[in-house]
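**Q** One file: target-v3.txt (compact mmCIF, C-alpha atoms and all ligand atoms).
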```
# COMPACT_ATOMS: atom_id res chain seq x y z
CA MET A 1236 0.00 0.00 0.00
CA SER A 1237 2.76 2.42 0.94
CA GLU A 1238 4.54 1.90 -2.37
CA THR A 1239 1.38 2.80 -4.29
CA ASN A 1240 1.23 6.34 -5.60
CA PRO A 1241 -1.73 7.96 -3.74
CA ILE A 1242 -2.79 9.91 -6.87
CA GLU A 1243 -3.03 6.68 -8.87
CA ALA A 1244 -4.77 4.97 -5.98
CA LEU A 1245 -7.37 7.78 -5.99
CA ALA A 1246 -7.96 7.41 -9.73
CA ALA A 1247 -8.52 3.68 -9.27
CA LEU A 1248 -10.87 4.31 -6.32
CA GLU A 1249 -12.81 6.79 -8.42
CA SER A 1250 -13.41 4.38 -11.27
CA ASP A 1251 -14.19 1.49 -8.87
CA ALA A 1252 -16.67 3.69 -6.98
CA LEU A 1253 -18.39 4.86 -10.19
CA ALA A 1254 -18.69 1.28 -11.42
CA ALA A 1255 -20.11 0.14 -8.09
CA ILE A 1256 -22.61 3.02 -8.08
CA ALA A 1257 -23.77 2.20 -11.59
CA ALA A 1258 -24.17 -1.45 -10.57
CA ALA A 1259 -26.18 -0.69 -7.40
CA ALA A 1260 -29.64 -2.11 -8.11
CA ASP A 1261 -31.56 -0.59 -5.22
CA PRO A 1262 -31.22 2.14 -2.57
CA GLU A 1263 -29.81 -0.33 0.00
CA ALA A 1264 -26.98 -1.45 -2.34
CA LEU A 1265 -26.25 2.19 -3.11
CA GLU A 1266 -25.98 2.99 0.59
CA ARG A 1267 -23.45 0.17 1.00
CA VAL A 1268 -21.38 1.67 -1.83
CA ARG A 1269 -21.49 5.07 -0.13
CA ILE A 1270 -20.23 3.57 3.13
CA THR A 1271 -17.48 1.62 1.36
CA TYR A 1272 -16.01 4.73 -0.25
CA LEU A 1273 -17.12 7.70 1.85
CA GLY A 1274 -17.98 6.19 5.25
CA ARG A 1275 -16.42 8.28 8.04
CA SER A 1276 -14.45 5.48 9.70
CA GLU A 1277 -14.10 2.72 7.09
CA GLY A 1278 -14.51 4.65 3.84
CA ARG A 1279 -11.65 4.18 1.42
CA ILE A 1280 -11.53 7.82 0.28
CA SER A 1281 -11.89 9.02 3.87
CA ALA A 1282 -8.92 6.80 4.79
CA ILE A 1283 -6.72 8.52 2.24
CA LEU A 1284 -7.74 11.95 3.52
CA ARG A 1285 -7.06 10.82 7.06
CA GLY A 1286 -3.61 9.54 6.01
CA LEU A 1287 -2.57 12.95 4.65
CA GLY A 1288 -0.80 13.85 7.87
CA ALA A 1289 1.59 10.90 7.49
CA MET A 1290 2.60 11.97 3.97
CA PRO A 1291 5.58 14.04 3.01
CA PRO A 1292 4.46 17.70 3.31
CA GLU A 1293 5.19 18.46 -0.39
CA GLU A 1294 2.80 15.72 -1.58
CA ARG A 1295 -0.05 16.72 0.75
CA PRO A 1296 -1.69 19.57 -1.23
CA ALA A 1297 -1.95 17.65 -4.51
CA VAL A 1298 -3.24 14.46 -2.86
CA GLY A 1299 -5.66 16.41 -0.66
CA GLN A 1300 -7.04 18.31 -3.65
CA ARG A 1301 -7.43 15.17 -5.72
CA ALA A 1302 -9.03 13.28 -2.83
CA ASN A 1303 -11.61 16.04 -2.41
CA GLU A 1304 -12.26 16.03 -6.15
CA VAL A 1305 -12.90 12.29 -6.13
CA LYS A 1306 -15.12 12.69 -3.10
CA GLY A 1307 -17.17 15.31 -4.99
CA VAL A 1308 -17.46 13.16 -8.12
CA VAL A 1309 -18.50 10.10 -6.11
CA ASN A 1310 -21.03 12.11 -4.11
CA GLU A 1311 -22.60 13.47 -7.29
CA ALA A 1312 -22.74 10.01 -8.83
CA LEU A 1313 -24.39 8.68 -5.66
CA ASP A 1314 -27.07 11.41 -5.79
CA ALA A 1315 -27.72 10.88 -9.48
CA ARG A 1316 -28.07 7.13 -9.05
CA ALA A 1317 -30.36 7.58 -6.02
CA THR A 1318 -32.71 9.74 -8.12
CA GLU A 1319 -32.60 7.19 -10.91
CA LEU A 1320 -33.49 4.35 -8.53
CA GLU A 1321 -36.42 6.30 -7.04
CA GLY A 1322 -37.84 6.96 -10.49
CA GLY A 1323 -37.33 3.34 -11.39
CA ALA A 1324 -39.25 2.20 -8.30
CA ALA A 1325 -42.21 4.44 -9.19
CA ALA A 1326 -42.15 3.26 -12.76
CA ALA A 1327 -42.03 -0.34 -11.60
CA GLY A 1328 -45.25 0.29 -9.59
CA GLU A 1329 -47.15 1.22 -12.72
CA ASP A 1330 -48.84 -1.43 -14.79
CA LEU A 1331 -48.71 -0.07 -18.30
CA THR A 1332 -51.03 -2.81 -19.51
CA LEU A 1333 -53.96 -1.52 -17.38
CA PRO A 1334 -56.82 -0.18 -19.51
CA SER A 1335 -57.18 3.58 -19.26
CA ARG A 1336 -59.85 5.04 -17.00
CA ARG A 1337 -63.05 5.81 -18.81
CA PRO A 1338 -63.98 9.46 -18.81
CA TRP A 1339 -66.81 10.24 -16.40
CA LYS A 1340 -70.13 10.11 -18.19
CA GLY A 1341 -73.20 11.63 -16.56
CA GLY A 1342 -76.72 10.47 -17.25
CA LEU A 1343 -80.30 10.86 -16.12
CA HIS A 1344 -81.60 8.54 -13.43
CA PRO A 1345 -83.77 5.76 -14.91
CA ILE A 1346 -86.84 7.07 -13.04
CA THR A 1347 -86.23 10.56 -14.41
CA GLN A 1348 -85.92 9.04 -17.87
CA ALA A 1349 -89.28 7.27 -17.42
CA ILE A 1350 -90.92 10.53 -16.27
CA ASP A 1351 -89.52 12.35 -19.30
CA GLU A 1352 -90.80 9.68 -21.71
CA ILE A 1353 -94.24 9.61 -20.09
CA TRP A 1354 -94.37 13.39 -20.06
CA ALA A 1355 -93.41 13.58 -23.76
CA ILE A 1356 -96.44 11.45 -24.69
CA PHE A 1357 -98.89 13.52 -22.65
CA ARG A 1358 -97.36 16.71 -24.02
CA ASP A 1359 -98.12 15.45 -27.54
CA LEU A 1360 -101.69 14.78 -26.38
CA GLY A 1361 -102.09 18.42 -25.34
CA PHE A 1362 -101.19 18.36 -21.63
CA VAL A 1363 -99.06 20.90 -19.76
CA ARG A 1364 -96.83 20.28 -16.78
CA ALA A 1365 -97.80 21.38 -13.25
CA ARG A 1366 -96.26 21.09 -9.82
CA GLY A 1367 -97.11 21.54 -6.18
CA PRO A 1368 -95.32 21.53 -2.81
CA GLU A 1369 -94.06 18.31 -1.21
CA ALA A 1370 -94.98 19.66 2.22
CA ASP A 1371 -98.69 20.32 2.01
CA THR A 1372 -101.67 20.55 4.31
CA VAL A 1373 -104.27 18.05 5.49
CA TRP A 1374 -106.77 20.07 3.47
CA TYR A 1375 -105.01 19.65 0.13
CA ASN A 1376 -103.78 16.12 0.73
CA PHE A 1377 -107.06 14.69 2.11
CA GLU A 1378 -110.05 16.90 2.84
CA ALA A 1379 -110.36 18.79 -0.45
CA LEU A 1380 -110.02 15.39 -2.10
CA ASN A 1381 -113.23 14.17 -0.47
CA THR A 1382 -111.22 12.19 2.11
CA PRO A 1383 -112.14 12.96 5.73
CA LEU A 1384 -109.21 12.16 8.04
CA ASP A 1385 -111.23 9.40 9.73
CA HIS A 1386 -111.87 7.69 6.40
CA PRO A 1387 -109.99 4.37 6.01
CA ALA A 1388 -108.49 5.70 2.76
CA ALA A 1389 -106.57 8.25 4.84
CA ASP A 1390 -105.05 5.41 6.89
CA GLU A 1391 -103.75 3.74 3.77
CA GLN A 1392 -101.81 6.87 3.00
CA ASP A 1393 -100.37 7.50 6.43
CA THR A 1394 -97.44 9.89 6.18
CA LEU A 1395 -95.12 12.12 8.18
CA TYR A 1396 -96.55 15.22 9.84
CA LEU A 1397 -94.36 18.32 10.07
CA ALA A 1398 -96.90 20.22 12.18
CA ASP A 1399 -100.53 19.73 13.22
CA SER A 1400 -102.02 20.06 9.77
CA VAL A 1401 -98.87 20.13 7.65
CA LEU A 1402 -97.62 16.86 6.21
CA LEU A 1403 -95.42 15.37 3.53
CA ARG A 1404 -97.92 14.74 0.75
CA SER A 1405 -98.83 11.08 0.39
CA HIS A 1406 -99.74 11.44 -3.30
CA THR A 1407 -99.57 14.03 -6.07
CA SER A 1408 -103.36 14.44 -6.06
CA PRO A 1409 -103.17 17.71 -4.03
CA VAL A 1410 -101.77 19.23 -7.25
CA GLN A 1411 -105.22 18.58 -8.78
CA VAL A 1412 -106.80 20.81 -6.15
CA ARG A 1413 -104.13 23.52 -6.32
CA THR A 1414 -104.36 23.65 -10.11
CA MET A 1415 -108.15 23.87 -10.11
CA GLU A 1416 -107.99 26.65 -7.51
CA ALA A 1417 -105.55 28.62 -9.64
CA TYR A 1418 -107.08 28.10 -13.10
CA GLU A 1419 -110.45 27.83 -14.77
CA PRO A 1420 -111.19 24.89 -17.09
CA PRO A 1421 -110.20 23.61 -19.57
CA ILE A 1422 -107.41 21.90 -17.61
CA ARG A 1423 -105.05 19.23 -18.92
CA ILE A 1424 -102.03 18.71 -16.66
CA VAL A 1425 -99.44 16.15 -15.69
CA ALA A 1426 -97.66 16.75 -12.38
CA PRO A 1427 -94.67 14.56 -11.51
CA GLY A 1428 -93.10 14.72 -8.05
CA TRP A 1429 -92.03 13.08 -4.82
CA VAL A 1430 -94.58 11.66 -2.42
CA TYR A 1431 -94.15 10.09 1.02
CA ARG A 1432 -95.78 7.26 2.92
CA ARG A 1433 -95.22 5.33 6.07
CA ASP A 1434 -94.21 2.29 3.99
CA THR A 1435 -91.60 -0.32 4.84
CA TYR A 1436 -88.56 -0.24 2.56
CA ASP A 1437 -88.70 -3.46 0.53
CA ALA A 1438 -88.44 -4.72 -3.05
CA THR A 1439 -91.65 -2.99 -4.10
CA HIS A 1440 -92.01 -0.09 -1.61
CA THR A 1441 -89.95 2.92 -0.66
CA PRO A 1442 -91.16 5.49 1.87
CA ALA A 1443 -90.40 8.25 -0.62
CA PHE A 1444 -91.32 7.68 -4.25
CA MET A 1445 -92.26 9.43 -7.45
CA GLN A 1446 -95.76 9.79 -8.80
CA ILE A 1447 -97.15 11.42 -11.89
CA GLU A 1448 -100.57 12.95 -11.48
CA GLY A 1449 -102.80 13.64 -14.45
CA LEU A 1450 -105.96 15.77 -14.54
CA VAL A 1451 -108.38 16.73 -17.29
CA ILE A 1452 -111.36 19.02 -16.62
CA ASP A 1453 -113.64 20.54 -19.23
CA GLU A 1454 -117.24 20.72 -20.32
CA GLY A 1455 -118.48 17.48 -21.79
CA VAL A 1456 -115.53 15.27 -20.76
CA THR A 1457 -116.74 11.67 -20.57
CA PHE A 1458 -115.62 8.21 -19.55
CA VAL A 1459 -114.79 7.60 -23.22
CA ASP A 1460 -112.16 10.39 -23.13
CA PHE A 1461 -110.78 8.86 -19.95
CA LYS A 1462 -110.43 5.34 -21.33
CA GLY A 1463 -109.41 6.43 -24.82
CA THR A 1464 -106.66 8.78 -23.69
CA LEU A 1465 -105.13 6.36 -21.19
CA ALA A 1466 -105.27 3.48 -23.70
CA GLU A 1467 -103.61 5.73 -26.26
CA PHE A 1468 -100.89 6.59 -23.75
CA ALA A 1469 -100.24 2.90 -23.06
CA ARG A 1470 -100.03 2.05 -26.75
CA ARG A 1471 -97.64 4.90 -27.43
CA TYR A 1472 -95.46 3.94 -24.47
CA TRP A 1473 -95.39 0.14 -24.82
CA GLY A 1474 -96.32 -0.34 -28.46
CA PRO A 1475 -99.50 -0.70 -30.55
CA ASP A 1476 -100.15 -4.32 -29.42
CA THR A 1477 -100.50 -3.29 -25.75
CA GLN A 1478 -103.82 -4.22 -24.14
CA VAL A 1479 -105.36 -2.04 -21.44
CA ARG A 1480 -107.75 -3.15 -18.70
CA PHE A 1481 -109.77 -0.91 -16.37
CA ARG A 1482 -110.47 -2.75 -13.12
CA PRO A 1483 -113.14 -1.32 -10.79
CA SER A 1484 -111.55 0.21 -7.70
CA PHE A 1485 -112.11 2.89 -5.08
CA PHE A 1486 -110.63 6.31 -4.45
CA PRO A 1487 -112.57 8.91 -2.44
CA PHE A 1488 -111.82 11.61 -5.04
CA THR A 1489 -112.93 9.70 -8.15
CA GLU A 1490 -116.26 8.10 -9.03
CA PRO A 1491 -116.18 5.65 -10.69
CA SER A 1492 -112.60 4.63 -9.94
CA ALA A 1493 -110.34 2.16 -11.67
CA GLU A 1494 -106.96 0.54 -11.52
CA VAL A 1495 -105.47 0.53 -14.98
CA ASP A 1496 -103.50 -2.57 -16.02
CA VAL A 1497 -101.50 -3.21 -19.15
CA LYS A 1498 -100.55 -6.42 -20.91
CA ARG A 1499 -97.62 -5.97 -23.21
CA VAL A 1500 -96.29 -7.97 -26.11
CA ILE A 1501 -92.53 -8.35 -25.81
CA THR A 1502 -90.08 -9.62 -28.39
CA ARG A 1503 -87.51 -12.05 -27.00
CA PRO A 1504 -83.87 -11.85 -28.14
CA ASP A 1505 -84.51 -14.88 -30.40
CA GLY A 1506 -87.31 -13.00 -32.17
CA THR A 1507 -90.28 -14.85 -30.63
CA ARG A 1508 -93.08 -12.68 -29.30
CA GLU A 1509 -94.76 -13.22 -26.00
CA GLU A 1510 -97.57 -11.65 -23.97
CA THR A 1511 -96.69 -10.51 -20.46
CA ASP A 1512 -98.87 -10.77 -17.37
CA TRP A 1513 -101.26 -7.94 -16.55
CA LEU A 1514 -99.47 -5.22 -14.66
CA GLU A 1515 -101.06 -2.40 -12.70
CA ILE A 1516 -99.70 0.97 -13.81
CA MET A 1517 -102.01 3.52 -12.21
CA GLY A 1518 -105.02 4.44 -10.13
CA ALA A 1519 -107.54 6.59 -11.96
CA GLY A 1520 -111.15 7.62 -12.31
CA MET A 1521 -113.70 10.29 -13.12
CA VAL A 1522 -113.25 13.27 -10.79
CA ASP A 1523 -115.80 13.13 -7.96
CA PRO A 1524 -118.33 16.02 -8.09
CA ASN A 1525 -117.50 16.75 -4.42
CA VAL A 1526 -113.91 17.57 -5.43
CA LEU A 1527 -115.12 19.92 -8.16
CA ALA A 1528 -117.39 21.60 -5.61
CA SER A 1529 -114.57 21.94 -3.06
CA VAL A 1530 -112.60 24.13 -5.48
CA GLY A 1531 -115.67 26.13 -6.49
CA TYR A 1532 -116.25 24.53 -9.89
CA ASP A 1533 -119.84 23.87 -10.95
CA PRO A 1534 -120.15 20.05 -11.03
CA GLU A 1535 -123.19 20.39 -13.29
CA ARG A 1536 -121.12 22.15 -15.89
CA TYR A 1537 -117.71 20.47 -15.66
CA THR A 1538 -116.58 16.87 -15.61
CA GLY A 1539 -113.17 15.34 -15.77
CA TRP A 1540 -110.85 12.47 -15.02
CA ALA A 1541 -107.59 11.96 -13.20
CA PHE A 1542 -104.84 9.41 -12.74
CA GLY A 1543 -101.83 8.79 -10.54
CA MET A 1544 -99.07 6.51 -11.74
CA GLY A 1545 -95.73 5.33 -10.41
CA PRO A 1546 -92.89 5.94 -12.86
CA ALA A 1547 -90.51 3.75 -10.79
CA ARG A 1548 -92.74 0.77 -11.38
CA ILE A 1549 -92.85 1.62 -15.08
CA ALA A 1550 -89.05 1.92 -15.18
CA MET A 1551 -88.71 -1.46 -13.40
CA LEU A 1552 -90.94 -3.03 -16.00
CA LYS A 1553 -89.08 -1.44 -18.87
CA HIS A 1554 -85.61 -2.46 -17.72
CA GLY A 1555 -86.46 -5.79 -16.09
CA VAL A 1556 -85.42 -4.56 -12.64
CA ASP A 1557 -86.94 -6.69 -9.88
CA ASP A 1558 -85.99 -4.71 -6.77
CA LEU A 1559 -87.11 -1.10 -6.45
CA ARG A 1560 -84.36 -0.42 -3.90
CA THR A 1561 -81.62 -0.63 -6.54
CA PHE A 1562 -82.91 2.67 -7.93
CA PHE A 1563 -82.10 4.40 -4.64
CA GLU A 1564 -78.79 2.84 -3.63
CA ASN A 1565 -76.72 5.07 -5.92
CA ASP A 1566 -74.50 2.20 -6.99
CA MET A 1567 -72.77 3.49 -10.10
CA ARG A 1568 -72.37 -0.06 -11.46
CA PHE A 1569 -76.19 -0.21 -11.60
CA LEU A 1570 -77.07 3.37 -12.51
CA GLY A 1571 -74.24 3.67 -15.06
CA GLN A 1572 -76.03 1.14 -17.27
CA PHE A 1573 -78.81 3.67 -17.89
CA ALA A 1574 -76.57 6.60 -18.83
CA SER A 1575 -77.17 7.41 -22.45
N1 LIG B 1 -103.73 9.42 -5.57
C1 LIG B 1 -104.00 8.01 -5.81
C2 LIG B 1 -102.95 7.21 -5.05
O1 LIG B 1 -101.90 7.70 -4.81
C3 LIG B 1 -103.98 7.66 -7.26
C4 LIG B 1 -105.06 8.35 -8.04
C5 LIG B 1 -104.82 9.58 -8.63
C6 LIG B 1 -106.29 7.74 -8.17
C7 LIG B 1 -105.84 10.20 -9.35
C8 LIG B 1 -107.29 8.36 -8.91
C9 LIG B 1 -107.06 9.58 -9.48
O2 LIG B 1 -103.16 6.05 -4.73
```
Could you render the structure as structure tokens?
**A**
Amino acid sequence: MSETNPIEALAALESDALAAIAAAADPEALERVRITYLGRSEGRISAILRGLGAMPPEERPAVGQRANEVKGVVNEALDARATELEGGAAAAGEDLTLPSRRPWKGGLHPITQAIDEIWAIFRDLGFVRARGPEADTVWYNFEALNTPLDHPAADEQDTLYLADSVLLRSHTSPVQVRTMEAYEPPIRIVAPGWVYRRDTYDATHTPAFMQIEGLVIDEGVTFVDFKGTLAEFARRYWGPDTQVRFRPSFFPFTEPSAEVDVKRVITRPDGTREETDWLEIMGAGMVDPNVLASVGYDPERYTGWAFGMGPARIAMLKHGVDDLRTFFENDMRFLGQFAS
């Protein structure tokens, strides 16, 4: 060692160190290289610097300068390699074969889509859109609709009360009353909106749900208009082969009342056609004269008909969804299928 020229020894150390740095495959290996050459006690370059004192004084400046140079070069190479290894680690964490993320695509909720489609048909039939408050009074929700609070029909539509006579409307029928109060006949409206009931959350019930109310009032409106218009709606919505059935029913605010059912003809993927079961799509009827009187209309002069349907049920039918709750869970894997 003593016979080796320290300047040559430094040159050799420099090239050894640079080779070792280039070969270091990870940060730990690189740290070992740093200790080998620059470590305070064991480092080979440090050792030369420490040995300066034992050298002939005339050699010291040149060796010291060279040793510091080598130290600088090795330090720089260590830093550069460390940066390289970091970048390499990040790059190794990326899987370049992953498919790219799809751009976010918004869409209308399937129930909103059903409301829009239903609305478009009634608009073509000459209806306008109306709305009313979701928090309404006992008067509008029940009494003006010929439903005394002690009538069993009021029990069926039990809802949440916000104050003594203020409640969350249990159906969209109060919009009938509000519209008739605000306008004179002729009236042709559809009024979609949220309604609330004390219902248990299950596959076919949600305590908050959408309804679409319809109301027609004019002179000379008959049961034929009622049946004809609703049958026309069903055929436009589900196709010309759709059958419509009016089943006798009861609502305090219509007389006579009916549940309207449809039987559709569906085409299977293999091209065969098949009739579905009857499905109830709405409650409806001729507006009860007592309701006309409660808004100050002359029941001798005006007649009309009304309906209330559930667009969620219609959307379930259309898309083959068998659990109503999936519409409300906001699972993008489900809802995303309806984005158009
Ligand atoms: N409001 C009734 C319900 O929610 C439906 C209905 C509306 C029936 C209009 C007749 C006329 O059950």
**Q** Taking only C-alpha atoms and all ligand atoms into account, produce a table as JSON lines in which each residue of chain A with an atom at most 7 Å from an atom of ligand LIG 1 (chain B) appears once, together with its shortest atom pair and the distance in Å to one decimal, ordered by chain and rising number.
**A**
```
{"residue": "A:Ser1405", "atom": "CA", "partner": "B:LIG1", "partner_atom": "O1", "distance": 6.9}
{"residue": "A:His1406", "atom": "CA", "partner": "B:LIG1", "partner_atom": "O1", "distance": 4.6}
{"residue": "A:Thr1407", "atom": "CA", "partner": "B:LIG1", "partner_atom": "N1", "distance": 6.2}
{"residue": "A:Ser1408", "atom": "CA", "partner": "B:LIG1", "partner_atom": "N1", "distance": 5.1}
{"residue": "A:Glu1448", "atom": "CA", "partner": "B:LIG1", "partner_atom": "C5", "distance": 6.1}
{"residue": "A:Gly1449", "atom": "CA", "partner": "B:LIG1", "partner_atom": "C7", "distance": 6.9}
{"residue": "A:Phe1486", "atom": "CA", "partner": "B:LIG1", "partner_atom": "C6", "distance": 5.9}
{"residue": "A:Phe1488", "atom": "CA", "partner": "B:LIG1", "partner_atom": "C8", "distance": 6.8}
{"residue": "A:Thr1489", "atom": "CA", "partner": "B:LIG1", "partner_atom": "C8", "distance": 5.8}
{"residue": "A:Ser1492", "atom": "CA", "partner": "B:LIG1", "partner_atom": "C8", "distance": 6.6}
{"residue": "A:Met1517", "atom": "CA", "partner": "B:LIG1", "partner_atom": "C3", "distance": 6.7}
{"residue": "A:Gly1518", "atom": "CA", "partner": "B:LIG1", "partner_atom": "C6", "distance": 4.0}
{"residue": "A:Ala1519", "atom": "CA", "partner": "B:LIG1", "partner_atom": "C8", "distance": 3.5}
{"residue": "A:Gly1520", "atom": "CA", "partner": "B:LIG1", "partner_atom": "C8", "distance": 5.2}
{"residue": "A:Ala1541", "atom": "CA", "partner": "B:LIG1", "partner_atom": "C9", "distance": 4.4}
{"residue": "A:Phe1542", "atom": "CA", "partner": "B:LIG1", "partner_atom": "C7", "distance": 3.6}
{"residue": "A:Gly1543", "atom": "CA", "partner": "B:LIG1", "partner_atom": "C5", "distance": 3.6}
{"residue": "A:Met1544", "atom": "CA", "partner": "B:LIG1", "partner_atom": "C3", "distance": 6.7}
```
**Q** Find the spatial neighbours of Glu1243 (chain A), counting all atoms listed in the file, within a cut-off of 12 Å - ignore same-chain residues fewer than 5 positions away - and output them as a ChimeraX atom specification.
**A** /A:1236,1238,1248-1250,1283,1297-1298,1301-1302,1305
**Q** As an exercise, work out the distance from CA of Ala1355 (chain A) to CA of Arg1560 (chain A) in Å and give it to one decimal place.
**A**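 These atoms are spaced 25.9 Å apart.
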**Q** List as JSON lines every residue of region 1434-1473 of chain A that is in contact with region 1383-1401 of chain A, defined as an atom at most 10 Å from one of its atoms (using all atoms listed in the file), together with the nearest atom pair and the distance in Å rounded to one decimal, sorted by chain and then rising number.
**A**
```
{"residue": "A:Asp1434", "atom": "CA", "partner": "A:Asp1393", "partner_atom": "CA", "distance": 8.4}
{"residue": "A:Pro1442", "atom": "CA", "partner": "A:Thr1394", "partner_atom": "CA", "distance": 8.8}
{"residue": "A:Ala1443", "atom": "CA", "partner": "A:Thr1394", "partner_atom": "CA", "distance": 9.9}
```
**Q** Please produce an output containing C-alpha atoms for each residue in the selection, written as a tab-separated table (two decimals), keeping the file's coordinate frame.
**A**
```
chain	number	residue	atom	x	y	z
A	1434	ASP	CA	-94.21	2.29	3.99
A	1442	PRO	CA	-91.16	5.49	1.87
A	1443	ALA	CA	-90.40	8.25	-0.62
```
**Q** Which is closer to Glu1352 (chain A) than all the others in A:Arg1267, A:Asn1565, A:Ile1516, A:Tyr1472, using all atoms listed in the file?
**A**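 Under the stated criterion, the closest residue is A:Tyr1472.
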**Q** Here's a test: counting only C-alpha atoms, identify every protein, DNA and RNA residue with an atom at most 8 Å from (-87.5, 7.1, -13.3) in the file's coordinate frame, and state them as a compact mmCIF listing (two decimals) with C-alpha atoms, in the coordinates of the input.
**A**
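The file below, point_21.txt, is the result:
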```txt
# COMPACT_ATOMS: atom_id res chain seq x y z
CA HIS A 1344 -81.60 8.54 -13.43
CA PRO A 1345 -83.77 5.76 -14.91
CA ILE A 1346 -86.84 7.07 -13.04
CA THR A 1347 -86.23 10.56 -14.41
CA GLN A 1348 -85.92 9.04 -17.87
CA ALA A 1349 -89.28 7.27 -17.42
CA ILE A 1350 -90.92 10.53 -16.27
CA MET A 1445 -92.26 9.43 -7.45
CA PRO A 1546 -92.89 5.94 -12.86
CA ALA A 1547 -90.51 3.75 -10.79
CA ILE A 1549 -92.85 1.62 -15.08
CA ALA A 1550 -89.05 1.92 -15.18
```
**Q** Of the candidates A:Pro1504, A:Pro1427, A:Gly1328, A:Gly1307, which shows the shortest atom-to-atom distance to Gln1446 (chain A), using all atoms listed in the file?
**A** A:Pro1427
**Q** Would you mind completing region 1297-1302 of chain A so that it carries all heavy atoms, and writing it out as a PDB file, keeping the file's coordinate frame?
**A**
```pdb
ATOM      1  N   ALA A1297      -1.450  18.281  -3.284  1.00  0.00           N
ATOM      2  CA  ALA A1297      -1.950  17.650  -4.510  1.00  0.00           C
ATOM      3  C   ALA A1297      -2.865  16.480  -4.198  1.00  0.00           C
ATOM      4  O   ALA A1297      -3.960  16.333  -4.765  1.00  0.00           O
ATOM      5  CB  ALA A1297      -0.776  17.184  -5.378  1.00  0.00           C
ATOM      6  N   VAL A1298      -2.443  15.641  -3.222  1.00  0.00           N
ATOM      7  CA  VAL A1298      -3.240  14.460  -2.860  1.00  0.00           C
ATOM      8  C   VAL A1298      -4.575  14.912  -2.229  1.00  0.00           C
ATOM      9  O   VAL A1298      -5.653  14.404  -2.551  1.00  0.00           O
ATOM     10  CB  VAL A1298      -2.469  13.526  -1.911  1.00  0.00           C
ATOM     11  CG1 VAL A1298      -3.371  12.387  -1.426  1.00  0.00           C
ATOM     12  CG2 VAL A1298      -1.232  12.972  -2.603  1.00  0.00           C
ATOM     13  N   GLY A1299      -4.449  15.922  -1.316  1.00  0.00           N
ATOM     14  CA  GLY A1299      -5.660  16.410  -0.660  1.00  0.00           C
ATOM     15  C   GLY A1299      -6.655  16.947  -1.674  1.00  0.00           C
ATOM     16  O   GLY A1299      -7.862  16.649  -1.613  1.00  0.00           O
ATOM     17  N   GLN A1300      -6.151  17.710  -2.643  1.00  0.00           N
ATOM     18  CA  GLN A1300      -7.040  18.310  -3.650  1.00  0.00           C
ATOM     19  C   GLN A1300      -7.712  17.225  -4.476  1.00  0.00           C
ATOM     20  O   GLN A1300      -8.915  17.230  -4.704  1.00  0.00           O
ATOM     21  CB  GLN A1300      -6.202  19.222  -4.539  1.00  0.00           C
ATOM     22  CG  GLN A1300      -7.056  20.212  -5.307  1.00  0.00           C
ATOM     23  CD  GLN A1300      -6.241  20.872  -6.432  1.00  0.00           C
ATOM     24  OE1 GLN A1300      -4.986  20.870  -6.411  1.00  0.00           O
ATOM     25  NE2 GLN A1300      -6.928  21.426  -7.394  1.00  0.00           N
ATOM     26  N   ARG A1301      -6.903  16.255  -4.872  1.00  0.00           N
ATOM     27  CA  ARG A1301      -7.430  15.170  -5.720  1.00  0.00           C
ATOM     28  C   ARG A1301      -8.453  14.333  -4.953  1.00  0.00           C
ATOM     29  O   ARG A1301      -9.499  13.967  -5.485  1.00  0.00           O
ATOM     30  CB  ARG A1301      -6.235  14.286  -6.182  1.00  0.00           C
ATOM     31  CG  ARG A1301      -6.631  13.127  -7.082  1.00  0.00           C
ATOM     32  CD  ARG A1301      -7.024  13.605  -8.487  1.00  0.00           C
ATOM     33  NE  ARG A1301      -7.435  12.467  -9.308  1.00  0.00           N
ATOM     34  CZ  ARG A1301      -8.654  12.336  -9.852  1.00  0.00           C
ATOM     35  NH1 ARG A1301      -9.551  13.280  -9.686  1.00  0.00           N
ATOM     36  NH2 ARG A1301      -8.937  11.271 -10.553  1.00  0.00           N
ATOM     37  N   ALA A1302      -8.117  14.078  -3.661  1.00  0.00           N
ATOM     38  CA  ALA A1302      -9.030  13.280  -2.830  1.00  0.00           C
ATOM     39  C   ALA A1302     -10.387  13.987  -2.700  1.00  0.00           C
ATOM     40  O   ALA A1302     -11.445  13.368  -2.814  1.00  0.00           O
ATOM     41  CB  ALA A1302      -8.429  13.030  -1.457  1.00  0.00           C
TER      42      ALA A1302
END
```
